[in-house]
file data_39.txt (compact mmCIF, C-alpha atoms)
# COMPACT_ATOMS: atom_id res chain seq x y z
CA MET Z 731 19.84 -18.41 20.97
CA THR Z 732 19.14 -20.65 23.97
CA VAL Z 733 15.80 -21.01 25.71
CA ASN Z 734 17.20 -19.25 28.78
CA SER Z 735 18.48 -16.27 26.78
CA VAL Z 736 15.17 -16.03 24.95
CA CYS Z 737 13.29 -16.03 28.23
CA ASN Z 738 15.65 -13.32 29.47
CA VAL Z 739 14.09 -11.10 26.81
CA ASN Z 740 10.75 -11.64 28.53
CA ARG Z 741 12.26 -10.66 31.86
CA TYR Z 742 13.66 -7.45 30.37
CA LEU Z 743 10.31 -6.61 28.82
CA ALA Z 744 8.18 -7.47 31.85
CA PRO Z 745 9.01 -4.25 33.80
CA LEU Z 746 7.97 -2.21 30.76
CA LEU Z 747 4.53 -3.80 30.42
CA PRO Z 748 2.77 -1.45 32.91
CA ARG Z 749 4.19 1.45 30.86
CA ALA Z 750 3.61 -0.14 27.45
CA ILE Z 751 1.50 2.75 26.13
CA PRO Z 752 4.05 5.54 26.80
CA VAL Z 753 6.83 3.23 25.57
CA ILE Z 754 5.04 2.78 22.23
CA PHE Z 755 4.35 6.50 21.97
CA ALA Z 756 8.06 7.14 22.53
CA VAL Z 757 9.36 4.64 19.95
CA VAL Z 758 6.89 5.96 17.36
CA LEU Z 759 7.40 9.67 17.99
CA LEU Z 760 11.10 10.07 18.70
CA PRO Z 761 12.67 8.73 15.48
CA ARG Z 762 10.05 10.45 13.35
CA ILE Z 763 10.47 13.80 15.06
CA LEU Z 764 14.23 13.48 14.60
CA LEU Z 765 13.66 12.75 10.90
CA PHE Z 766 11.40 15.81 10.61
CA PHE Z 767 14.11 18.04 12.12
CA TYR Z 768 16.79 16.40 9.98
CA LEU Z 769 14.78 17.35 6.90
CA GLY Z 770 14.49 20.90 8.18
CA GLY Z 771 10.72 20.72 8.09
CA GLU Z 772 10.74 20.11 4.33
CA LEU Z 773 9.19 17.21 2.47
CA PRO Z 774 11.81 14.64 1.43
CA GLN Z 775 13.27 14.07 -2.01
CA PRO Z 776 12.76 12.56 -4.54
CA VAL Z 777 9.34 14.08 -5.05
CA ARG Z 778 7.65 10.99 -6.53
CA ASP Z 779 3.84 11.36 -6.34
CA GLN Z 780 3.81 13.90 -3.51
CA ALA Z 781 2.88 16.84 -5.74
CA LEU Z 782 -0.15 14.98 -7.05
CA TYR Z 783 -1.54 14.22 -3.58
CA ILE Z 784 -0.83 17.74 -2.33
CA HIS Z 785 -2.50 19.27 -5.38
CA THR Z 786 -5.67 17.20 -5.08
CA ALA Z 787 -5.82 17.84 -1.33
CA GLY Z 788 -5.52 21.56 -2.04
CA GLN Z 789 -8.35 21.33 -4.57
CA ILE Z 790 -10.58 19.68 -1.98
CA ALA Z 791 -9.58 22.10 0.82
CA THR Z 792 -10.41 25.12 -1.35
CA GLY Z 793 -13.83 23.80 -2.32
CA GLU Z 794 -12.96 22.62 -5.85
CA GLY Z 795 -13.72 19.02 -4.98
CA PHE Z 796 -11.83 15.90 -6.00
CA SER Z 797 -10.50 17.16 -9.34
CA PHE Z 798 -7.42 18.45 -11.13
CA SER Z 799 -6.86 22.07 -12.06
CA GLU Z 800 -6.21 23.27 -15.60
CA ASP Z 801 -2.84 24.63 -14.44
CA LEU Z 802 -1.65 21.16 -13.42
CA GLY Z 803 -2.74 19.70 -16.74
CA LEU Z 804 -0.85 22.42 -18.58
CA MET Z 805 2.28 21.88 -16.47
CA LYS Z 806 2.26 18.14 -17.18
CA ASN Z 807 1.80 18.89 -20.86
CA LEU Z 808 4.72 21.35 -21.07
CA ARG Z 809 7.15 19.01 -19.31
CA ASN Z 810 7.06 16.40 -22.08
CA THR Z 811 8.74 16.52 -25.48
CA ASP Z 812 7.28 15.29 -28.74
CA ASP Z 813 9.38 12.11 -28.67
CA SER Z 814 8.58 11.28 -25.05
CA LEU Z 815 6.41 8.24 -24.40
CA GLN Z 816 4.61 10.23 -21.74
CA GLN Z 817 3.31 12.63 -24.35
CA HIS Z 818 0.71 9.95 -25.18
CA TRP Z 819 -1.00 10.38 -21.82
CA THR Z 820 -0.07 14.00 -21.11
CA GLY Z 821 -0.40 15.39 -24.63
CA SER Z 822 -3.56 17.34 -23.91
CA ALA Z 823 -3.47 20.15 -21.36
CA GLY Z 824 -7.19 19.62 -20.90
CA TYR Z 825 -6.74 16.11 -19.49
CA MET Z 826 -4.77 14.52 -16.65
CA PHE Z 827 -3.14 11.19 -17.53
CA GLY Z 828 -4.97 11.44 -20.85
CA LEU Z 829 -8.06 10.28 -18.98
CA ALA Z 830 -9.54 12.84 -16.61
CA PRO Z 831 -10.82 16.21 -17.92
CA VAL Z 832 -9.45 19.05 -15.80
CA ASP Z 833 -11.69 21.11 -13.54
CA THR Z 834 -14.30 18.34 -13.38
CA PRO Z 835 -14.96 15.57 -10.81
CA THR Z 836 -12.68 12.58 -11.34
CA ALA Z 837 -12.26 8.99 -10.19
CA VAL Z 838 -8.77 8.62 -11.63
CA MET Z 839 -7.19 7.77 -8.25
CA GLU Z 840 -8.21 6.78 -4.74
CA PRO Z 841 -9.83 9.68 -2.83
CA GLY Z 842 -9.02 8.70 0.76
CA TYR Z 843 -5.60 10.21 1.35
CA PRO Z 844 -6.27 13.52 -0.46
CA VAL Z 845 -9.50 13.93 1.55
CA LEU Z 846 -7.71 13.33 4.86
CA LEU Z 847 -4.82 15.58 3.84
CA ALA Z 848 -7.32 18.29 2.87
CA LEU Z 849 -8.84 18.03 6.35
CA PHE Z 850 -5.41 18.55 7.93
CA PHE Z 851 -4.72 21.43 5.54
CA SER Z 852 -7.96 23.02 6.73
CA LEU Z 853 -6.90 22.61 10.36
CA PHE Z 854 -3.19 23.48 10.20
CA GLY Z 855 -2.64 25.02 6.78
CA ALA Z 856 -1.03 23.64 3.62
CA VAL Z 857 2.32 23.01 5.31
CA SER Z 858 4.62 20.02 5.68
CA GLY Z 859 3.59 19.74 9.33
CA SER Z 860 0.09 18.75 8.20
CA VAL Z 861 1.52 15.87 6.18
CA PHE Z 862 3.73 14.83 9.08
CA SER Z 863 0.86 14.98 11.61
CA LEU Z 864 -1.47 12.87 9.47
CA ASN Z 865 1.18 10.23 8.85
CA LEU Z 866 2.14 10.25 12.51
CA LEU Z 867 -1.43 9.34 13.49
CA PHE Z 868 -1.34 6.43 11.08
CA ALA Z 869 2.00 5.30 12.52
CA LEU Z 870 0.61 5.36 16.06
CA GLY Z 871 -2.48 3.45 14.99
CA GLY Z 872 -0.37 0.80 13.29
CA ALA Z 873 1.94 0.37 16.29
CA PHE Z 874 -0.92 -0.16 18.74
CA ALA Z 875 -2.67 -2.50 16.29
CA VAL Z 876 0.48 -4.65 16.02
CA ARG Z 877 0.67 -4.81 19.79
CA LYS Z 878 -2.95 -5.90 20.17
CA LEU Z 879 -2.78 -8.43 17.32
CA VAL Z 880 0.21 -10.20 18.89
CA MET Z 881 -0.73 -9.70 22.54
CA ASP Z 882 -4.18 -11.26 22.14
CA VAL Z 883 -2.63 -14.49 20.89
CA TRP Z 884 0.95 -14.71 22.14
CA GLY Z 885 1.08 -12.59 25.28
CA ALA Z 886 1.94 -9.07 26.39
CA GLU Z 887 5.72 -9.41 26.08
CA SER Z 888 5.53 -10.52 22.44
CA GLY Z 889 2.98 -7.81 21.75
CA LEU Z 890 5.22 -5.06 23.08
CA MET Z 891 8.25 -6.43 21.24
CA ALA Z 892 6.33 -6.53 17.94
CA ALA Z 893 5.08 -2.95 18.41
CA VAL Z 894 8.60 -1.67 19.15
CA LEU Z 895 10.12 -3.45 16.15
CA TRP Z 896 7.33 -2.23 13.85
CA SER Z 897 7.71 1.36 15.09
CA LEU Z 898 11.48 1.41 14.61
CA TYR Z 899 11.59 -0.39 11.25
CA PRO Z 900 13.64 2.05 9.10
CA PRO Z 901 11.43 2.14 5.96
CA TYR Z 902 8.34 2.79 8.11
CA VAL Z 903 10.10 5.73 9.75
CA TYR Z 904 11.40 6.98 6.38
CA TYR Z 905 8.02 7.12 4.65
CA THR Z 906 6.33 8.97 7.51
CA ALA Z 907 7.66 12.23 6.06
CA TYR Z 908 6.29 11.61 2.54
CA ALA Z 909 3.02 13.15 1.34
CA MET Z 910 2.00 9.78 -0.10
CA THR Z 911 -0.11 6.82 0.99
CA GLU Z 912 2.70 4.52 2.16
CA THR Z 913 2.37 5.14 5.92
CA ALA Z 914 -1.40 4.82 5.73
CA HIS Z 915 -0.91 1.56 3.83
CA PHE Z 916 1.51 0.17 6.43
CA ALA Z 917 -0.89 1.02 9.24
CA LEU Z 918 -4.25 0.09 7.74
CA LEU Z 919 -3.00 -3.30 6.57
CA ILE Z 920 -2.11 -4.26 10.13
CA ILE Z 921 -5.20 -2.61 11.68
CA SER Z 922 -7.58 -4.41 9.32
CA SER Z 923 -5.71 -7.71 9.85
CA MET Z 924 -5.90 -7.31 13.62
CA LEU Z 925 -9.67 -6.79 13.43
CA VAL Z 926 -10.17 -9.76 11.07
CA LEU Z 927 -8.16 -12.05 13.36
CA SER Z 928 -10.20 -10.85 16.33
CA ALA Z 929 -13.40 -11.67 14.43
CA GLY Z 930 -11.95 -15.09 13.58
CA ARG Z 931 -11.61 -15.84 17.32
CA GLY Z 932 -15.19 -14.73 17.94
CA THR Z 933 -14.10 -11.67 19.94
CA GLY Z 934 -15.02 -9.21 17.18
CA LYS Z 935 -18.18 -8.82 15.12
CA GLY Z 936 -16.46 -8.32 11.79
CA PHE Z 937 -18.26 -5.08 10.89
CA THR Z 938 -15.39 -2.88 12.08
CA ALA Z 939 -12.94 -5.07 10.15
CA GLY Z 940 -14.95 -4.57 6.97
CA LEU Z 941 -15.33 -0.86 7.62
CA THR Z 942 -11.57 -0.48 8.13
CA THR Z 943 -10.80 -2.50 5.01
CA GLY Z 944 -13.19 -0.23 3.11
CA VAL Z 945 -11.38 2.87 4.34
CA PHE Z 946 -8.12 1.15 3.43
CA PHE Z 947 -9.48 0.57 -0.10
CA LEU Z 948 -10.35 4.26 -0.43
CA ILE Z 949 -6.67 5.02 0.24
CA ARG Z 950 -5.08 2.11 -1.65
CA ALA Z 951 -7.17 0.03 -4.04
CA THR Z 952 -4.88 -2.95 -3.28
CA ALA Z 953 -7.13 -3.58 -0.28
CA LEU Z 954 -9.79 -5.00 -2.58
CA PHE Z 955 -7.66 -8.13 -2.99
CA LEU Z 956 -7.69 -8.63 0.80
CA ILE Z 957 -11.43 -9.25 0.88
CA PRO Z 958 -11.31 -12.83 -0.52
CA LEU Z 959 -8.54 -13.75 1.95
CA GLN Z 960 -10.45 -12.22 4.86
CA LEU Z 961 -13.68 -13.98 3.91
CA ALA Z 962 -11.88 -17.30 3.39
CA TYR Z 963 -10.24 -16.98 6.81
CA LEU Z 964 -13.54 -16.29 8.57
CA ALA Z 965 -15.15 -19.21 6.72
CA TRP Z 966 -12.24 -21.45 7.81
CA ARG Z 967 -12.85 -20.36 11.42
CA LYS Z 968 -16.61 -20.92 10.90
CA GLN Z 969 -17.41 -17.35 11.86
CA TRP Z 970 -20.33 -17.01 9.44
CA LYS Z 971 -21.95 -14.03 11.14
CA ALA Z 972 -18.62 -12.15 11.20
CA LEU Z 973 -18.22 -12.95 7.51
CA LEU Z 974 -21.54 -11.27 6.71
CA PHE Z 975 -20.76 -8.31 8.97
CA LEU Z 976 -17.37 -7.84 7.33
CA SER Z 977 -18.99 -7.70 3.89
CA ALA Z 978 -21.55 -5.19 5.16
CA GLY Z 979 -18.88 -3.01 6.75
CA PHE Z 980 -16.88 -2.86 3.52
CA LEU Z 981 -19.97 -1.91 1.51
CA VAL Z 982 -20.89 0.83 3.98
CA ALA Z 983 -17.37 2.33 3.76
CA VAL Z 984 -17.14 2.39 -0.04
CA SER Z 985 -20.77 3.26 -0.83
CA PRO Z 986 -20.32 7.08 -0.55
CA TRP Z 987 -17.50 6.89 -3.11
CA VAL Z 988 -19.56 4.72 -5.48
CA VAL Z 989 -22.65 6.93 -5.13
CA ARG Z 990 -20.58 10.07 -5.68
CA ASN Z 991 -19.16 8.61 -8.89
CA TRP Z 992 -22.62 7.59 -10.04
CA ILE Z 993 -23.84 11.16 -9.59
CA SER Z 994 -20.72 12.93 -10.91
CA LEU Z 995 -19.59 10.55 -13.67
CA GLY Z 996 -22.81 8.79 -14.56
CA GLU Z 997 -21.73 5.29 -13.46
CA PRO Z 998 -21.22 3.58 -10.06
CA VAL Z 999 -17.42 3.36 -10.43
CA LEU Z 1000 -15.56 1.43 -7.73
CA MET Z 1001 -11.96 1.02 -8.98
CA PRO Z 1002 -9.86 4.09 -9.91
CA THR Z 1003 -9.95 4.69 -13.66
CA LYS Z 1004 -6.16 5.13 -13.83
CA GLY Z 1005 -5.85 1.36 -13.35
CA ALA Z 1006 -6.24 0.97 -17.13
CA LEU Z 1007 -3.26 3.27 -17.74
CA ASN Z 1008 -1.16 1.40 -15.17
CA MET Z 1009 -2.02 -1.92 -16.82
CA TRP Z 1010 -0.99 -0.57 -20.24
CA MET Z 1011 2.23 1.07 -18.98
CA ARG Z 1012 3.49 -1.72 -16.73
CA ASN Z 1013 3.49 -4.30 -19.54
CA ASN Z 1014 4.77 -2.06 -22.33
CA PRO Z 1015 8.43 -2.94 -23.19
CA GLU Z 1016 9.17 0.68 -24.19
CA VAL Z 1017 7.96 2.01 -20.85
CA LEU Z 1018 9.69 -0.80 -18.96
CA ALA Z 1019 12.97 0.06 -20.69
CA LEU Z 1020 12.76 3.56 -19.20
CA GLU Z 1021 12.78 1.87 -15.78
CA GLY Z 1022 15.77 -0.30 -16.66
CA ILE Z 1023 13.72 -3.46 -17.36
CA PHE Z 1024 14.66 -4.95 -20.74
CA VAL Z 1025 12.68 -7.79 -22.26
CA PRO Z 1026 15.02 -10.51 -23.64
CA ALA Z 1027 15.17 -10.72 -27.43
CA ASP Z 1028 14.08 -14.39 -27.43
CA ILE Z 1029 10.71 -13.55 -25.86
CA PRO Z 1030 8.21 -12.70 -28.61
CA VAL Z 1031 6.02 -9.64 -28.19
CA ASN Z 1032 2.71 -10.25 -29.95
CA ASN Z 1033 -0.10 -7.91 -30.93
CA LEU Z 1034 2.13 -4.84 -31.06
CA SER Z 1035 -0.73 -2.73 -32.40
CA MET Z 1036 -2.25 -2.81 -28.91
CA LEU Z 1037 0.82 -0.94 -27.61
CA GLU Z 1038 -0.10 2.07 -29.66
CA TYR Z 1039 -1.84 4.47 -27.32
CA PRO Z 1040 -5.50 4.53 -28.42
CA SER Z 1041 -6.54 7.67 -30.24
CA THR Z 1042 -8.76 9.48 -27.76
CA ASP Z 1043 -9.62 12.48 -29.93
CA SER Z 1044 -13.05 11.04 -30.66
CA ILE Z 1045 -13.53 9.57 -27.15
CA GLN Z 1046 -15.04 11.97 -24.68
CA GLY Z 1047 -15.13 11.50 -20.94
CA GLU Z 1048 -12.97 9.78 -18.35
CA LEU Z 1049 -14.83 6.48 -18.24
CA ALA Z 1050 -14.91 6.01 -22.01
CA ARG Z 1051 -11.19 6.76 -22.32
CA SER Z 1052 -10.35 4.40 -19.47
CA ARG Z 1053 -12.41 1.63 -21.07
CA ALA Z 1054 -10.70 2.08 -24.44
CA LEU Z 1055 -7.26 1.90 -22.86
CA GLY Z 1056 -8.28 -1.07 -20.71
CA ILE Z 1057 -9.47 -3.05 -23.74
CA SER Z 1058 -6.16 -2.47 -25.52
CA ALA Z 1059 -4.18 -3.45 -22.43
CA ARG Z 1060 -6.17 -6.64 -21.75
CA THR Z 1061 -6.01 -7.75 -25.40
CA TYR Z 1062 -2.24 -7.26 -25.41
CA ILE Z 1063 -1.76 -9.09 -22.10
CA LEU Z 1064 -3.83 -12.11 -23.13
CA SER Z 1065 -1.88 -12.46 -26.37
CA ASN Z 1066 1.51 -12.50 -24.58
CA PRO Z 1067 1.46 -15.30 -21.97
CA ARG Z 1068 5.22 -15.93 -22.19
CA LEU Z 1069 6.04 -12.25 -21.73
CA MET Z 1070 3.63 -12.01 -18.79
CA ALA Z 1071 5.24 -15.05 -17.13
CA TRP Z 1072 8.70 -13.49 -17.55
CA LEU Z 1073 7.49 -10.16 -16.15
CA ALA Z 1074 5.77 -11.87 -13.21
CA TRP Z 1075 8.99 -13.68 -12.30
CA ASN Z 1076 11.03 -10.46 -12.49
CA ARG Z 1077 8.46 -8.56 -10.46
CA ALA Z 1078 8.53 -11.26 -7.80
CA ILE Z 1079 12.31 -10.84 -7.56
CA ALA Z 1080 11.96 -7.04 -7.43
CA PHE Z 1081 9.32 -7.47 -4.74
CA LEU Z 1082 11.92 -9.11 -2.49
CA ALA Z 1083 14.70 -6.65 -3.33
CA PRO Z 1084 16.32 -4.59 -0.55
CA GLY Z 1085 15.57 -1.18 -2.03
CA GLY Z 1086 17.73 0.08 -4.83
CA SER Z 1087 16.26 3.02 -6.70
CA THR Z 1088 13.10 2.94 -4.62
CA LEU Z 1089 14.69 3.99 -1.35
CA GLY Z 1090 17.83 5.63 -2.75
CA ALA Z 1091 21.47 4.66 -2.27
CA ARG Z 1092 21.46 5.00 1.52
CA GLY Z 1093 18.14 3.26 1.75
CA MET Z 1094 19.65 0.33 -0.10
CA LEU Z 1095 21.88 -0.44 2.89
CA ALA Z 1096 18.97 -0.22 5.33
CA GLY Z 1097 16.93 -2.34 2.94
CA LEU Z 1098 19.39 -5.22 3.28
CA LEU Z 1099 17.72 -5.78 6.64
CA ILE Z 1100 14.94 -7.57 4.74
CA TYR Z 1101 16.98 -10.76 4.35
CA PRO Z 1102 17.63 -11.53 8.04
CA LEU Z 1103 14.14 -10.20 8.76
CA ILE Z 1104 12.58 -12.76 6.42
CA LEU Z 1105 14.82 -15.54 7.73
CA PHE Z 1106 14.13 -15.01 11.44
CA GLY Z 1107 10.53 -14.00 10.76
CA VAL Z 1108 9.79 -17.25 8.94
CA VAL Z 1109 11.40 -19.22 11.78
CA GLY Z 1110 9.22 -17.44 14.34
CA LEU Z 1111 6.04 -17.99 12.33
CA TRP Z 1112 6.92 -21.63 11.64
CA ARG Z 1113 7.37 -22.30 15.34
CA ASN Z 1114 3.87 -20.93 15.86
CA ARG Z 1115 2.28 -22.62 12.87
CA SER Z 1116 -0.36 -24.29 15.03
CA HIS Z 1117 -2.02 -20.89 15.47
CA PRO Z 1118 -4.53 -19.94 12.75
CA GLU Z 1119 -3.31 -16.34 13.08
CA ALA Z 1120 0.18 -17.37 11.95
CA ALA Z 1121 -1.31 -19.07 8.89
CA PHE Z 1122 -3.28 -15.93 8.05
CA LEU Z 1123 -0.19 -13.74 8.30
CA PHE Z 1124 1.82 -16.00 6.02
CA ALA Z 1125 -1.07 -16.12 3.53
CA LEU Z 1126 -1.15 -12.31 3.63
CA PHE Z 1127 2.46 -12.16 2.46
CA VAL Z 1128 1.86 -14.70 -0.31
CA LEU Z 1129 -1.19 -12.72 -1.49
CA TYR Z 1130 0.82 -9.49 -1.76
CA LEU Z 1131 3.61 -11.29 -3.58
CA LEU Z 1132 1.21 -12.75 -6.16
CA VAL Z 1133 -0.77 -9.54 -6.66
CA HIS Z 1134 2.28 -7.41 -7.27
CA ALA Z 1135 4.06 -10.03 -9.35
CA MET Z 1136 1.09 -9.88 -11.70
CA ALA Z 1137 0.83 -6.08 -11.63
CA HIS Z 1138 3.95 -4.10 -10.71
CA GLY Z 1139 6.47 -5.29 -8.17
CA GLY Z 1140 9.07 -3.42 -6.20
CA VAL Z 1141 10.10 -2.97 -2.62
CA ARG Z 1142 7.56 -0.19 -1.98
CA TYR Z 1143 4.80 -2.73 -2.53
CA ARG Z 1144 6.45 -5.31 -0.27
CA LEU Z 1145 7.06 -2.98 2.65
CA PRO Z 1146 3.50 -3.22 4.07
CA VAL Z 1147 3.80 -7.00 4.50
CA ASP Z 1148 7.24 -6.75 6.07
CA ALA Z 1149 5.07 -6.47 9.19
CA VAL Z 1150 4.44 -10.22 8.84
CA PHE Z 1151 8.12 -10.98 9.39
CA ILE Z 1152 8.48 -8.30 12.06
CA ILE Z 1153 5.80 -10.16 14.01
CA GLY Z 1154 7.60 -13.44 13.34
CA VAL Z 1155 10.84 -12.01 14.76
CA ALA Z 1156 8.99 -10.89 17.89
CA LEU Z 1157 7.51 -14.37 18.32
CA GLY Z 1158 10.93 -15.97 17.92
CA THR Z 1159 12.56 -13.54 20.35
CA CYS Z 1160 10.09 -13.83 23.23
CA CYS Z 1161 8.93 -16.89 25.08
CA ARG Z 1162 5.64 -17.74 23.43
CA LYS Z 1163 2.54 -17.96 25.57
CA GLY Z 1164 -0.04 -18.77 22.95
CA LYS Z 1165 -3.62 -18.50 24.11
call {"tool": "encode", "arguments": {"input": "data_39.txt", "output": "structure tokens"}}
result
Amino acid sequence: MTVNSVCNVNRYLAPLLPRAIPVIFAVVLLPRILLFFYLGGELPQPVRDQALYIHTAGQIATGEGFSFSEDLGLMKNLRNTDDSLQQHWTGSAGYMFGLAPVDTPTAVMEPGYPVLLALFFSLFGAVSGSVFSLNLLFALGGAFAVRKLVMDVWGAESGLMAAVLWSLYPPYVYYTAYAMTETAHFALLIISSMLVLSAGRGTGKGFTAGLTTGVFFLIRATALFLIPLQLAYLAWRKQWKALLFLSAGFLVAVSPWVVRNWISLGEPVLMPTKGALNMWMRNNPEVLALEGIFVPADIPVNNLSMLEYPSTDSIQGELARSRALGISARTYILSNPRLMAWLAWNRAIAFLAPGGSTLGARGMLAGLLIYPLILFGVVGLWRNRSHPEAAFLFALFVLYLLVHAMAHGGVRYRLPVDAVFIIGVALGTCCRKGK
């Protein structure tokens, strides 16, 4: 693409700048409303974790608090056979995930999305429109955050282009209909990043960035890994006051959750207790085989006794059960460095995959867009490498890649940082006017 043709993009965008706000509203709303009508007002399939979020939101909306009902525990129990691996963590109808006693306060998962969904259920009823409305607000917030992030550094034309591309990105549209945390994740990642970058330039105090990252953490615990990157960036920019304010904002946001757990569970729990189960499952060759991941025969698997699900009959309480499972999982992981390296490599590859089983057969074709997106996105970011903001965005992608290569990869975990390359494409498409 020549310089003249690139600058033509700016000329096409310039007349839209006075109407940028209605343009962004239109590109966010129209495809998502069409999707909602295409689905006939129903939640999309496959179900995935939607039932879990809807159930917990219903518990909160009806005054039962953040807990699981006995009926759900029984249903999970009845769905598994004696020879199913899942019977280890769903064998007791009195517990969810083998960790959380039913009908009691729990910290097994992040509370943010169920609480917000419960609020929308209270306002509009327990209907799919409540899910759609909540996710739509997140989508709007993310689109305007992308615009501001780019506009403040590279100009209004690039900002509008980035917002339009982000709003129309097929996976972001697709997940808006799901009663899961994906859309909130897409949006809050870019909102928190926009606020951190603003603080890095000295135009933001940092407290709002920390507060937003804290809210993000309460929806997806992955946000905890952003804190070191955010603090390192502010230290690099020598914004020491913003660094302190960011830390304070995060603590303010998460403190109600920690205090609640201290009162309800007896300990100031920060991370969801189900993390121990995820760590045990995601490195267990038998569980991996169910997902089509087969460990090569030449890779030794040591300390097999740690793969036996700990007997929890004599262990009472969610925190004690989570600790027991976590100890087994950590012991097993530390004794299998070669297996962990192989899994990390495969998860990194899965992280960059176009979709596959995650998005379904049709989503696979749309997911192929990731390859040109990465290519042109990297080119756009590289051409703007003199900007600290571009360095932060690239570091954000690397952080997500490393975190999910060590934990559990897959395209669903990459999708939030596709925004990095979407921004790069916008920078490469428009004439750059870096400030």
call {"tool": "residues_near_point", "arguments": {"input": "data_39.txt", "point": "(3.3, -19.5, 12.6)", "cutoff": "12 Å", "atoms": "only C-alpha atoms", "output": "PyMOL selection string"}}
result
chain Z and resi 880+883-884+1106-1125+1150-1151+1153-1158+1162+1164
call {"tool": "residues_around", "arguments": {"input": "data_39.txt", "residues": "Z:Ala848", "least_positions_apart": "4", "cutoff": "12 Å", "atoms": "only C-alpha atoms", "output": "list in words"}}
result
Tyr783, Ile784, His785, Thr786, Ala787, Gly788, Gln789, Ile790, Ala791, Thr792, Gly793, Glu794, Gly795, Phe796, Pro841, Gly842, Tyr843, Pro844, Ser852, Leu853, Phe854, Gly855, Ala856, Val857, Ser860, Val861, Leu864 and Ala909 of chain Z
call {"tool": "write_last_selection", "arguments": {"input": "data_39.txt", "atoms": "C-alpha atoms", "output": "short mmCIF file (atom, residue, chain, number, x, y, z; two decimals), in the coordinates of the input"}}
result
data_model
loop_
_atom_site.label_atom_id
_atom_site.label_comp_id
_atom_site.auth_asym_id
_atom_site.auth_seq_id
_atom_site.Cartn_x
_atom_site.Cartn_y
_atom_site.Cartn_z
CA TYR Z 783 -1.54 14.22 -3.58
CA ILE Z 784 -0.83 17.74 -2.33
CA HIS Z 785 -2.50 19.27 -5.38
CA THR Z 786 -5.67 17.20 -5.08
CA ALA Z 787 -5.82 17.84 -1.33
CA GLY Z 788 -5.52 21.56 -2.04
CA GLN Z 789 -8.35 21.33 -4.57
CA ILE Z 790 -10.58 19.68 -1.98
CA ALA Z 791 -9.58 22.10 0.82
CA THR Z 792 -10.41 25.12 -1.35
CA GLY Z 793 -13.83 23.80 -2.32
CA GLU Z 794 -12.96 22.62 -5.85
CA GLY Z 795 -13.72 19.02 -4.98
CA PHE Z 796 -11.83 15.90 -6.00
CA PRO Z 841 -9.83 9.68 -2.83
CA GLY Z 842 -9.02 8.70 0.76
CA TYR Z 843 -5.60 10.21 1.35
CA PRO Z 844 -6.27 13.52 -0.46
CA SER Z 852 -7.96 23.02 6.73
CA LEU Z 853 -6.90 22.61 10.36
CA PHE Z 854 -3.19 23.48 10.20
CA GLY Z 855 -2.64 25.02 6.78
CA ALA Z 856 -1.03 23.64 3.62
CA VAL Z 857 2.32 23.01 5.31
CA SER Z 860 0.09 18.75 8.20
CA VAL Z 861 1.52 15.87 6.18
CA LEU Z 864 -1.47 12.87 9.47
CA ALA Z 909 3.02 13.15 1.34
#
call {"tool": "closest_residue", "arguments": {"input": "data_39.txt", "among": "Z:Pro901, Z:Pro1040, Z:Pro986, Z:Gly1047", "to": "Z:Leu1099", "atoms": "only C-alpha atoms"}}
result
Z:Pro901
call {"tool": "atom_distance", "arguments": {"input": "data_39.txt", "atom1": "atom CA of Z:Glu1038", "atom2": "atom CA of Z:Lys1004"}}
result
17.2 Å
call {"tool": "atom_distance", "arguments": {"input": "data_39.txt", "atom1": "atom CA of Z:Ala1027", "atom2": "atom CA of Z:Leu1082"}}
result
25.2 Å
